[in-house]
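Student: Quick one: the structure is below, questions incoming.
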Amino acid sequence: MELAGTVYRTSADRDGIDNAQVVIKDAAGHVLNARTNRAGNFFFVRAGSTPTQFGNGRFEIPFALSYPIRVGVVAGGLLQNMRSPIWREQSCATCHSGEPDENSNGHIFGLETSP
Amino acid sequence: MRQLPHVLVLLIVVLMVAACGVDPGSPNTITAGDAALYATHVQPYLEARCATLDCHGAGGRALRLYSELGLRRDPTLRATPVSEGHDPTPITDQELEDNRLAFAAIGSATSTPASHLALLKPLAVSQGGMKHKGPVHWQTTADPGYRCLRGYLVGDLTDDIPTVCAAALDATSAP
């Protein structure tokens, strides 16, 4: 896989959000819009001859992504941009796991949680 | 029992005495750069370029860096997730100090200030750099990032450090 992750409705949710838009821009200038599946998952795989979105969260690309990669998530009309780029990691969950703490910003989420 | 030759015995004694002079647990003295310069001009560049959670913002890395969006020194510093509506907790003085020392420490074993690992690892190997698990950040030593860190670590360039570090940060922040 080139890049994969799960988008949740809010930071506190444990159910993935369906049909969220994941927008990535890599260092080579590729801009790709992927959609999550019903579990909130999306995954870019290197396959095919043209960028193609499938209904199960699979997004095929015929090239390797170039780092750094900038990412944003659109859900419920709200855009959440990741403030720092991805420099090398292909699994979002490596940095986005569990509750927010010193090692993680928590899950990837689309909608704000009331403070 | 056969006796060891005197020369060999002498060599063993010399080696044992020499070994006693090295205490692997003793602290090394490291010289860190200026704290204010680091906090104001170097840390922002390192935060954007090096200290993300997937790189040097991880405890297991040889160079561990704290940052507002990356690794925090204390979990309470990220009690709520950073988002469009929630800014990160500002970096603390202790995190800055730890970073400054960590940054200095990876250069403590190098023979000259210019061979500091922080100047070699991000630089392209073809330009005298060293292989880096992460990306090549500087194609040449003319890159403002290289000049920012060299100005801070070595101090032998004519560049104005705040200016060149700001240029390096701008280049990193560009979409």
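Here, A, B, ... name the chains of the structure tokens in the order displayed, residue numbers run from 1 inside each chain, and ligands are numbered from 1 in the same displayed order.
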Write out as number ranges by chain the residues lying within 6 Å of region 73-86 of chain A, counting only C-alpha atoms and excluding same-chain residues fewer than 6 positions away.

Tutor: A: 20-22, 110; B: 84

Student: Specify as a VMD selection string all residues of chain B found within 9 Å of chain A, counting only C-alpha atoms.

Tutor: chain B and resid 47 to 50 52 to 55 57 to 59 69 to 86 134 to 135 175

Student: Could you dump the residues just selected with N, CA and C atoms as a compact mmCIF listing (two decimals), in the first residue's frame?

Tutor:
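Now in selection-v5.txt:
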# COMPACT_ATOMS: atom_id res chain seq x y z
N GLU B 47 10.82 21.77 13.64
CA GLU B 47 9.44 21.31 13.85
C GLU B 47 8.79 20.96 12.52
N ALA B 48 8.98 21.83 11.55
CA ALA B 48 8.33 21.61 10.25
C ALA B 48 8.99 20.51 9.45
N ARG B 49 10.28 20.34 9.59
CA ARG B 49 11.04 19.49 8.67
C ARG B 49 11.42 18.14 9.28
N CYS B 50 11.63 18.11 10.56
CA CYS B 50 12.23 16.91 11.14
C CYS B 50 11.42 16.25 12.25
N THR B 52 8.23 15.64 12.99
CA THR B 52 6.90 15.04 12.91
C THR B 52 6.90 13.68 13.59
N LEU B 53 5.70 13.22 13.93
CA LEU B 53 5.60 11.97 14.68
C LEU B 53 6.15 10.77 13.90
N ASP B 54 6.17 10.87 12.57
CA ASP B 54 6.67 9.73 11.79
C ASP B 54 8.18 9.80 11.57
N CYS B 55 8.82 10.83 12.09
CA CYS B 55 10.27 10.94 11.91
C CYS B 55 10.97 11.11 13.26
N GLY B 57 10.09 12.85 15.74
CA GLY B 57 9.17 12.99 16.86
C GLY B 57 8.76 11.63 17.39
N ALA B 58 9.70 10.77 17.52
CA ALA B 58 9.45 9.42 18.04
C ALA B 58 10.57 9.08 19.01
N GLY B 59 10.18 8.51 20.12
CA GLY B 59 11.14 8.27 21.19
C GLY B 59 12.29 7.35 20.82
N LEU B 69 3.28 19.87 17.27
CA LEU B 69 2.44 18.96 16.51
C LEU B 69 2.96 17.53 16.55
N GLY B 70 4.12 17.33 17.11
CA GLY B 70 4.70 16.00 17.16
C GLY B 70 4.73 15.45 18.57
N LEU B 71 5.86 14.87 18.93
CA LEU B 71 6.02 14.27 20.25
C LEU B 71 6.01 15.34 21.34
N ARG B 72 5.25 15.09 22.41
CA ARG B 72 5.25 15.98 23.56
C ARG B 72 5.97 15.32 24.73
N ARG B 73 6.49 16.16 25.59
CA ARG B 73 7.24 15.63 26.74
C ARG B 73 6.31 15.03 27.78
N ASP B 74 5.08 15.51 27.77
CA ASP B 74 4.10 15.09 28.78
C ASP B 74 2.74 14.92 28.10
N PRO B 75 2.01 13.84 28.40
CA PRO B 75 0.72 13.64 27.72
C PRO B 75 -0.29 14.75 27.98
N THR B 76 -0.16 15.44 29.09
CA THR B 76 -1.11 16.52 29.38
C THR B 76 -0.97 17.69 28.42
N LEU B 77 0.14 17.72 27.70
CA LEU B 77 0.34 18.80 26.73
C LEU B 77 -0.49 18.58 25.47
N ARG B 78 -1.08 17.39 25.34
CA ARG B 78 -2.02 17.18 24.23
C ARG B 78 -3.25 16.44 24.75
N ALA B 79 -3.95 17.10 25.65
CA ALA B 79 -5.14 16.49 26.25
C ALA B 79 -6.29 16.45 25.26
N THR B 80 -6.32 17.41 24.33
CA THR B 80 -7.33 17.40 23.28
C THR B 80 -6.62 17.40 21.93
N PRO B 81 -7.25 16.80 20.94
CA PRO B 81 -6.56 16.70 19.65
C PRO B 81 -6.43 18.06 18.96
N VAL B 82 -5.35 18.22 18.28
CA VAL B 82 -5.17 19.42 17.45
C VAL B 82 -6.05 19.27 16.22
N SER B 83 -6.73 20.34 15.86
CA SER B 83 -7.62 20.30 14.70
C SER B 83 -7.72 21.70 14.13
N GLU B 84 -8.64 21.88 13.19
CA GLU B 84 -8.86 23.23 12.64
C GLU B 84 -9.34 24.17 13.75
N GLY B 85 -10.05 23.62 14.71
CA GLY B 85 -10.61 24.45 15.77
C GLY B 85 -9.82 24.47 17.06
N HIS B 86 -8.79 23.64 17.16
CA HIS B 86 -8.01 23.56 18.40
C HIS B 86 -6.52 23.65 18.08
N GLY B 134 15.32 8.80 6.40
CA GLY B 134 14.30 9.72 5.92
C GLY B 134 14.73 10.35 4.60
N PRO B 135 14.00 11.36 4.18
CA PRO B 135 14.28 11.95 2.86
C PRO B 135 15.57 12.77 2.83
N PRO B 175 3.06 24.90 -0.13
CA PRO B 175 2.22 23.74 -0.45
C PRO B 175 2.82 22.88 -1.55

Student: Considering only C-alpha atoms, return as a list in words whatever protein or nucleic-acid residues lie within 8 Å of His41 (chain B), sequence-local ones (same chain, fewer than 5 positions apart) excluded.

Tutor: Ile161, Pro162, Cys165 and Ala166 of chain B

Student: If you measure from CA of Leu169 (chain B) to CA of Tyr146 (chain B), what distance in Å do you get, rounded to one decimal?

Tutor: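 Taking CA of Leu169 (chain B) and CA of Tyr146 (chain B), their separation equals 11.5 Å.
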
Student: So the first atom is CA of Glu95 (chain B) and the second is CA of Tyr66 (chain B); what is the distance between them in Å, to one decimal place?

Tutor: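 According to the coordinates, CA of Glu95 (chain B) and CA of Tyr66 (chain B) are separated by 6.0 Å.
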
Student: Tell me, in Å to one decimal, how far CA of Asn99 (chain B) is from CA of Ala171 (chain B).

Tutor: 22.3 Å

Student: Could you write out, as a PyMOL selection string, all the residues of chain A that DSSP marks as strand (DSSP E)?

Tutor: chain A and resi 3-8+21-25+31-35+41-46+52-53+58-61+70-75+78-81+108-109

Student: Would you please give, as a ChimeraX atom specification, all residues of region 3-154 of chain B that DSSP assigns to helix (DSSP H, G or I) based on the backbone?

Tutor: /B:6-20,35-49,75-78,93-105,113-115,117-120,125-127,144-153

Student: Which residues, written as a PyMOL selection string, have at least one atom at most 12 Å from Leu120 (chain B), with only C-alpha atoms counted and residues fewer than 6 positions away on the same chain left out?

Tutor: chain B and resi 106-107+110+112-114+126-132+136-141+145-146+149-150
